[in-house]
Amino acid sequence: MSIDDLRPVTRRTLLAGAGAAGLAGVFSGCSNEGRGGTGGGTDKASATQVRPAYVRYAGVKPDLPGSDYNIPDAFLRYPADPVTAITQPPGDGKPINVMTFTNTPIPPKLEQNRFWQELDKQAGSPISVSLTPSVDYTQKFATAVAGDRLGDVFLVGNVPQVPQLLEAKATDLTPHLSGDNIKKYPFLANLPEVAWNAAIFGNKIYGVPISRGAISSQVLYSRADILEKQGLKAEVKNLDDFTELCKQLTDKRQNRFALAAAPTQFVRNMFDMPNLWSENGKSVVSYFEHEAHEEAFEILRKLWSAGSIHPDAFSGQNQDLKVRFGNGSSPLVQDTFSGWPSYLQTAVDKTARIGIIAPPKHDGSGQARIWLGAPAAGFTAISKKSEGRVEALLSYLNFLATPFGTKEYLFRKFGLRDVHHTLVDGNPVLTERGFSETQLGLMYQADGPWTIFLPEKKGNTEAEFNAMKQTCPDAIANPVAGLYSETNVRKGPQITEDITQVTNDIIQGRKPVSAWAAAVKKWKSGGGDKIAEEFSQALVASR
Amino acid sequence: MTDTDTAPPPSRNLPIRTRLRRDYAVLLLALPGMLVICAFQYYPLWGNVIAFQDYQPYLGINQSLWTGFENFKTIVDGDPEFLNAVKNTLILTAIQTVIVFPAPIVVALVLHSLLSNRLRQIVQTIIYVPHFMSWVIVVAVFQQVLGGTGMINNWLRGHGYDPIHIIGNVEAFRVLLTSQVMWKDTGWATILFLAVLSQIDRSLYEASAADGAGRWRQTWHITLPGLKPIIILLLILKLGDSLTVGFEQIILQQPAVGQEASEVLDTYVYNNGIIGGDWGVSAAVGLVKSVVALALVLGANKLAHRLGEEGVYRG
Amino acid sequence: MSHKRQQVLVGGMPMPGRAERVVKALFLTVICGVVVFPFIGVISTSLASPEEVIRAGGFVMFPTDGIDLSAYRSILSGGTVTQALVVSGFITAVGTTLALFLTCTLGWALSRRGTFGNKPLLLLVLISLLFNPGLIPTYLVVQQFGLLDSLWAVILPVSVSAFNVIVVRAYFAGLPASVLDSARIDGASEWKLFWHIGLPLSKAVVAVVGLFYGVGYWNSFFGALLYLNDSSKWPLQLVLRTYVVNGVEIGAQDLGAAGEALPPQTSIQMAILMISVVPILCVYPFIQRHFAKGVLTGAVKG
């Protein structure tokens, strides 16, 4: 779990606005968090015998294939004649109870929801979904576990002792999914290989991952139009270039601050720090122990004291990033690739254009490597009580994992034509009714691989695809992503929050740079060493 | 005014059966409410045994490991972060008792003295509004006004002045918390005082006016004594809450100022217990907190009696 | 102030002097200003156009683009909010009535000092205020009583607040003994004493406590979150909560496919606040009437 990623967590809870209630429900999905996947081509867990086979679905041809670059496929338009991927309804006719979370408004009830009725028909079983706002999910999950009311299919919450919990409450899916067995569920087999790490515990497969990966990598977005207007290039060659660019984009009297938040990860990328952990084959070391931290802090402190970082960077809310970027008061912001569409939406200026700035090596010796996002945003398991129906339930998840370009995907995301969506230039656009009726949290039960599809504004699909092509292929993977450390779940958030605080204090000049060493020491003794040890063991065991 | 001087019926020496027969109607009235309290407050209290366990929801109480007093170690050993949380809690409680608690009394007195009922109702309605805003909104509102790019600072910067640093400033944090609490709840808290004030016998005022008492003297000799029982009652109950300060409000703003300045007991339990899934530790701290609160309340009640007040109940 | 002068009394008090009136007016103006100023910001922001809110980067005090209802429209369009309003109305009405009944009867019984078991019962109530059963045990109890997925799970567990019981009890205990005694001599039953004499004399506190319960039920969502799996039974606050969480990133921006531009979060938040506060403010004046006047005086004199 990285420092940068904890901040969105707190911001997110801020948004949610509950009391004691709203705060525990931080799902482990945010990019780069400790659990959930290895990166790039180096695929460790593949050595384990249980790993499901990967069979790429070839039924739909992407306009811009991403597989060569380890990035998502991109589509310029929705295929005019979508493939029918599934011929038989997957369900067994009996109700399927699902527990998952949502981060959208709830849908109208079944009787008034044509989409839901149609879903039941296509799924071949009545689907009942117990939804919980994402920020509250951990508490709901804990009580449902205690009360033994998890439903047939449930998204696994971010709680301690997950392996033991799964052993007690979830069906072991290994016999159904390992190796070639998965071919019975072709769309689960189409999920990226690395994503499965999140669902494998002690050589057993306990779930189906919600895949993410490169799309969750953080980059520095820029308002290309603003830079252009000021005659600035969206390209920096070294550290000084970057600070100079920030200076040019800052004008305190106009309330303009180059960066919407502290570009901590960007600067760390420039110093070539590992993605949370580095490994030497036998053991792992936290990036906190990287020697360049003090140097990186000096840069960040300079940016802060020069006023290049938004003054509310450390006390603001999540949506503020988008607003600051959208209204141009901060033309640079660091966020995940997946945020592209919403940054696009937030820009008031119709001529606004989004670009990215790839981090250079600090000394100017070429392009630096960014950190690869976590391969999975979580996983869904099947209740032990429903073991007898496991095939029907897996078929249901298989149905939900049908990829972009299929008829099923079109229905899942856009509902029925002329009811839930209309075609604009051949592309489906949700109607108001579609927007409200489709919110059944399907994407947090199972989903196809991520795709880039931004038809609303011309040129953006290509722009995002190219940006990812530029930065992702050699992105640094987190070697322990998807591996499990009990201490990391129990103590990780707390000690990471502590060290995040020190980081913030140092950047804002409230603590000297020298405070870092002591903070790292405290982090190590407070659990960091134990986490490293557990991850090391898990890493060795996975080979 | 009170029934304290009417002698309670002699009871101690009556046989239980007689007393039951005499009081059954009263007990019957108490029954439904007591049932709810027992069912939803006392019955689930057995759950607190997890304070002595490494509780895991998937195992349940029956199968979770018993760890004895392990969970109480944080308290007993005086973990520095725990002590820091206690310290912050007590300081905030002290501030809130001294500054926040009297504020609605003053406002209520002013409102009560207004001549126009309509004016009073308008003012009342207005000042209740902030109570209905969730903490998220209150924090957002303060941010909009006082933040680094809030209204005030934008203006200052636009006119060439240095911005003032309030939100995210460690030194100003307690002041910020206090003013937020006052802004949100002062108006709402007047409601109980106003209700009590409305019950004060008018004839008392008339009599004292006839004796030549001015408004100040009336306030001092009639109004305030009228409020005294409810003030004492609320203070005693507040004492039971003294280890509980603004959890949600603080946790929302914790990232801005850091834990050292902002950690209170409840956020400590949350950060260490719930986030880490350490249900046992959070139950242990909760248990100790409750016992301390009970001692405080009973003690304060006794003290109130010594001073000749009714308190929460007569012992 | 000389007592020889002829005094004009208002409600038993002499007319306030000029200085006092000026100070009070100033005091109240400042207080109201501090509340109203940000609240205007809330209302204006909820009504400002999305572009303007983004341009302002937060609050819009004085919208110049005209009034824009898109924030309200996007909340109210799904039909889920209107349904939730009905649920919340039911929970609030039934819950408050039940809670008032339970609290007042219990408070009355506890105010009758010297009766059998009075002190232990009072202690039991007081102690329940200080001990917290915790999240999971409460859930298990609700489950054990078979209340899951029923609105009663939201109503019953919080229908007796010990704090309110103690406040009501203190009030009942403060009623003039003479009135009760004379009724008792006339042979009134305990119920009659409570219903026909105690309650009418205590309208003010009943109104206050009722308001406490009503607001509590209206704003509650956590019980619903835990106990109600069927989202068509969700109360308003929980449904509104999903709008606040709306678009919160979980690993990735999943709204991407939606294609529809949503109003900025700030507008949505403020609109939500308005939707949940306005009904309370509408009901409020009816309750306020009950404690505006001293009821007690008349009864004692009459």
# chains A, B, ... in the order shown; residues from 1 in each chain; ligands from 1

$ residues_around --residues "B:Ile122" --least-positions-apart "2" --cutoff "12 Å" --atoms "only C-alpha atoms" --output "MDAnalysis selection string"
(chainID B and resid 111 114 116:120 124:129) or (chainID C and resid 28:29 32 281 284:285 288)

$ write_last_selection --atoms "C-alpha atoms" --output "mmCIF file, in the first residue's frame"
data_model
loop_
_atom_site.group_PDB
_atom_site.id
_atom_site.type_symbol
_atom_site.label_atom_id
_atom_site.label_comp_id
_atom_site.auth_asym_id
_atom_site.auth_seq_id
_atom_site.Cartn_x
_atom_site.Cartn_y
_atom_site.Cartn_z
ATOM 1 C CA LEU B 111 -34.065 34.082 23.126
ATOM 2 C CA LEU B 114 -37.252 38.270 23.527
ATOM 3 C CA SER B 116 -41.768 38.875 20.151
ATOM 4 C CA ASN B 117 -42.721 35.240 19.880
ATOM 5 C CA ARG B 118 -42.471 35.391 16.150
ATOM 6 C CA LEU B 119 -38.958 36.801 16.185
ATOM 7 C CA ARG B 120 -37.929 34.128 18.625
ATOM 8 C CA GLN B 124 -34.730 29.501 16.541
ATOM 9 C CA THR B 125 -35.565 27.969 13.206
ATOM 10 C CA ILE B 126 -32.525 29.554 11.618
ATOM 11 C CA ILE B 127 -30.017 28.485 14.201
ATOM 12 C CA TYR B 128 -31.230 24.882 14.168
ATOM 13 C CA VAL B 129 -30.291 24.414 10.543
ATOM 14 C CA LEU C 28 -28.718 37.571 17.371
ATOM 15 C CA THR C 29 -27.854 39.162 14.054
ATOM 16 C CA CYS C 32 -27.940 34.210 12.463
ATOM 17 C CA LEU C 281 -37.891 22.407 8.486
ATOM 18 C CA TYR C 284 -40.667 21.945 12.672
ATOM 19 C CA PRO C 285 -43.028 24.917 13.238
ATOM 20 C CA GLN C 288 -42.332 24.349 18.043
#

$ select_by_dssp --residues "stretch 306-468 of chain A" --states "strand (DSSP E or B)" --output "number ranges by chain"
A: 309, 332-336, 354-357, 360, 367, 371, 376-383, 406, 417, 421-424, 427-430, 451-452

$ write_last_selection --atoms "C-alpha atoms" --output "mmCIF file, in the first residue's frame"
data_model
loop_
_atom_site.group_PDB
_atom_site.id
_atom_site.type_symbol
_atom_site.label_atom_id
_atom_site.label_comp_id
_atom_site.auth_asym_id
_atom_site.auth_seq_id
_atom_site.Cartn_x
_atom_site.Cartn_y
_atom_site.Cartn_z
ATOM 1 C CA ILE A 309 1.042 22.724 -5.099
ATOM 2 C CA LEU A 332 -1.441 19.201 -13.555
ATOM 3 C CA VAL A 333 -2.814 16.332 -11.523
ATOM 4 C CA GLN A 334 -1.635 12.856 -10.694
ATOM 5 C CA ASP A 335 -4.229 10.124 -11.015
ATOM 6 C CA THR A 336 -4.916 6.719 -12.535
ATOM 7 C CA ILE A 354 -6.073 16.101 -21.747
ATOM 8 C CA GLY A 355 -2.591 14.770 -22.089
ATOM 9 C CA ILE A 356 -0.097 13.100 -19.860
ATOM 10 C CA ILE A 357 3.428 13.969 -18.905
ATOM 11 C CA PRO A 360 11.842 11.624 -16.931
ATOM 12 C CA GLN A 367 12.314 8.295 -19.489
ATOM 13 C CA TRP A 371 4.426 2.079 -11.277
ATOM 14 C CA ALA A 376 -7.125 -6.848 -9.614
ATOM 15 C CA ALA A 377 -9.519 -4.616 -7.706
ATOM 16 C CA GLY A 378 -10.766 -7.506 -5.596
ATOM 17 C CA PHE A 379 -12.439 -10.834 -6.184
ATOM 18 C CA THR A 380 -15.745 -12.581 -5.697
ATOM 19 C CA ALA A 381 -16.070 -15.897 -3.949
ATOM 20 C CA ILE A 382 -18.804 -18.525 -3.863
ATOM 21 C CA SER A 383 -20.290 -19.467 -0.542
ATOM 22 C CA THR A 406 -20.214 -9.046 -27.356
ATOM 23 C CA ARG A 417 -31.647 -0.514 -27.290
ATOM 24 C CA HIS A 421 -29.561 3.323 -24.692
ATOM 25 C CA THR A 422 -29.706 4.996 -28.038
ATOM 26 C CA LEU A 423 -27.182 4.735 -30.797
ATOM 27 C CA VAL A 424 -25.240 7.882 -31.551
ATOM 28 C CA ASN A 427 -22.158 3.927 -30.408
ATOM 29 C CA PRO A 428 -24.459 3.157 -27.494
ATOM 30 C CA VAL A 429 -25.204 6.065 -25.192
ATOM 31 C CA LEU A 430 -27.141 5.439 -22.006
ATOM 32 C CA THR A 451 -11.138 -1.689 -22.389
ATOM 33 C CA ILE A 452 -10.572 1.870 -23.496
#

$ interface_residues --of "chain A" --to "chain B" --cutoff "6 Å" --atoms "only C-alpha atoms" --output "list in words"
Leu14, Gly17, Gly19, Val145, Ala146, Pro160, Leu165, Arg253, Pro311, Asp312, Phe314, Ser315, Arg490, Lys491 and Gln501 of chain A

$ write_last_selection --atoms "C-alpha atoms" --output "tab-separated table (two decimals), in the first residue's frame"
chain	number	residue	atom	x	y	z
A	14	LEU	CA	-14.67	12.15	3.47
A	17	GLY	CA	-20.14	11.29	4.93
A	19	GLY	CA	-19.93	8.39	10.94
A	145	VAL	CA	-19.74	-13.03	7.96
A	146	ALA	CA	-20.60	-13.12	11.64
A	160	PRO	CA	-7.89	-9.76	8.26
A	165	LEU	CA	-12.09	-16.90	6.35
A	253	ARG	CA	-2.43	36.18	-7.43
A	311	PRO	CA	-2.81	24.97	-0.80
A	312	ASP	CA	-5.65	22.58	-0.01
A	314	PHE	CA	-3.54	18.02	2.07
A	315	SER	CA	-6.97	18.85	3.39
A	490	ARG	CA	-3.91	-5.83	10.27
A	491	LYS	CA	-1.21	-3.26	10.84
A	501	GLN	CA	1.54	11.81	7.83

$ atom_distance --atom1 "atom CA of A:Asn190" --atom2 "atom CA of A:Tyr54"
6.1 Å

$ interface_residues --of "chain A" --to "chain C" --cutoff "6 Å" --atoms "only C-alpha atoms" --output "list in words"
Ala16, Gly29, Cys30, Ser31, Asn103, Thr104, Pro105, Pro108, Lys109, Ser130, Pro133, Lys140, Thr143, Val323, Asn327, Ser338, Gly339, Pro341, Val348, Ala377 and Ser436 of chain A

$ write_last_selection --atoms "C-alpha atoms" --output "PDB file, in the first residue's frame"
ATOM      1  CA  ALA A  16     -19.088   9.383   1.951  1.00  0.00           C
ATOM      2  CA  GLY A  29      -9.234  -1.775  -4.741  1.00  0.00           C
ATOM      3  CA  CYS A  30      -7.446   1.471  -5.119  1.00  0.00           C
ATOM      4  CA  SER A  31      -4.535   1.312  -7.391  1.00  0.00           C
ATOM      5  CA  ASN A 103     -20.446   3.272  -6.030  1.00  0.00           C
ATOM      6  CA  THR A 104     -23.435   4.411  -8.020  1.00  0.00           C
ATOM      7  CA  PRO A 105     -27.017   5.203  -7.010  1.00  0.00           C
ATOM      8  CA  PRO A 108     -35.323   0.967  -9.105  1.00  0.00           C
ATOM      9  CA  LYS A 109     -36.854  -2.215  -7.714  1.00  0.00           C
ATOM     10  CA  SER A 130     -27.578  -6.929  -1.788  1.00  0.00           C
ATOM     11  CA  PRO A 133     -22.193   1.776  -0.655  1.00  0.00           C
ATOM     12  CA  LYS A 140     -21.434  -4.858   6.186  1.00  0.00           C
ATOM     13  CA  THR A 143     -21.545  -8.478  10.084  1.00  0.00           C
ATOM     14  CA  VAL A 323     -12.631  20.345 -10.170  1.00  0.00           C
ATOM     15  CA  ASN A 327     -11.502  24.660 -14.160  1.00  0.00           C
ATOM     16  CA  SER A 338      -8.952   5.007 -15.463  1.00  0.00           C
ATOM     17  CA  GLY A 339      -9.829   8.528 -14.385  1.00  0.00           C
ATOM     18  CA  PRO A 341     -13.228   9.907 -18.778  1.00  0.00           C
ATOM     19  CA  VAL A 348     -15.863  23.183 -18.341  1.00  0.00           C
ATOM     20  CA  ALA A 377      -9.519  -4.616  -7.706  1.00  0.00           C
ATOM     21  CA  SER A 436     -30.669   4.424 -13.387  1.00  0.00           C
TER      22      SER A 436
END
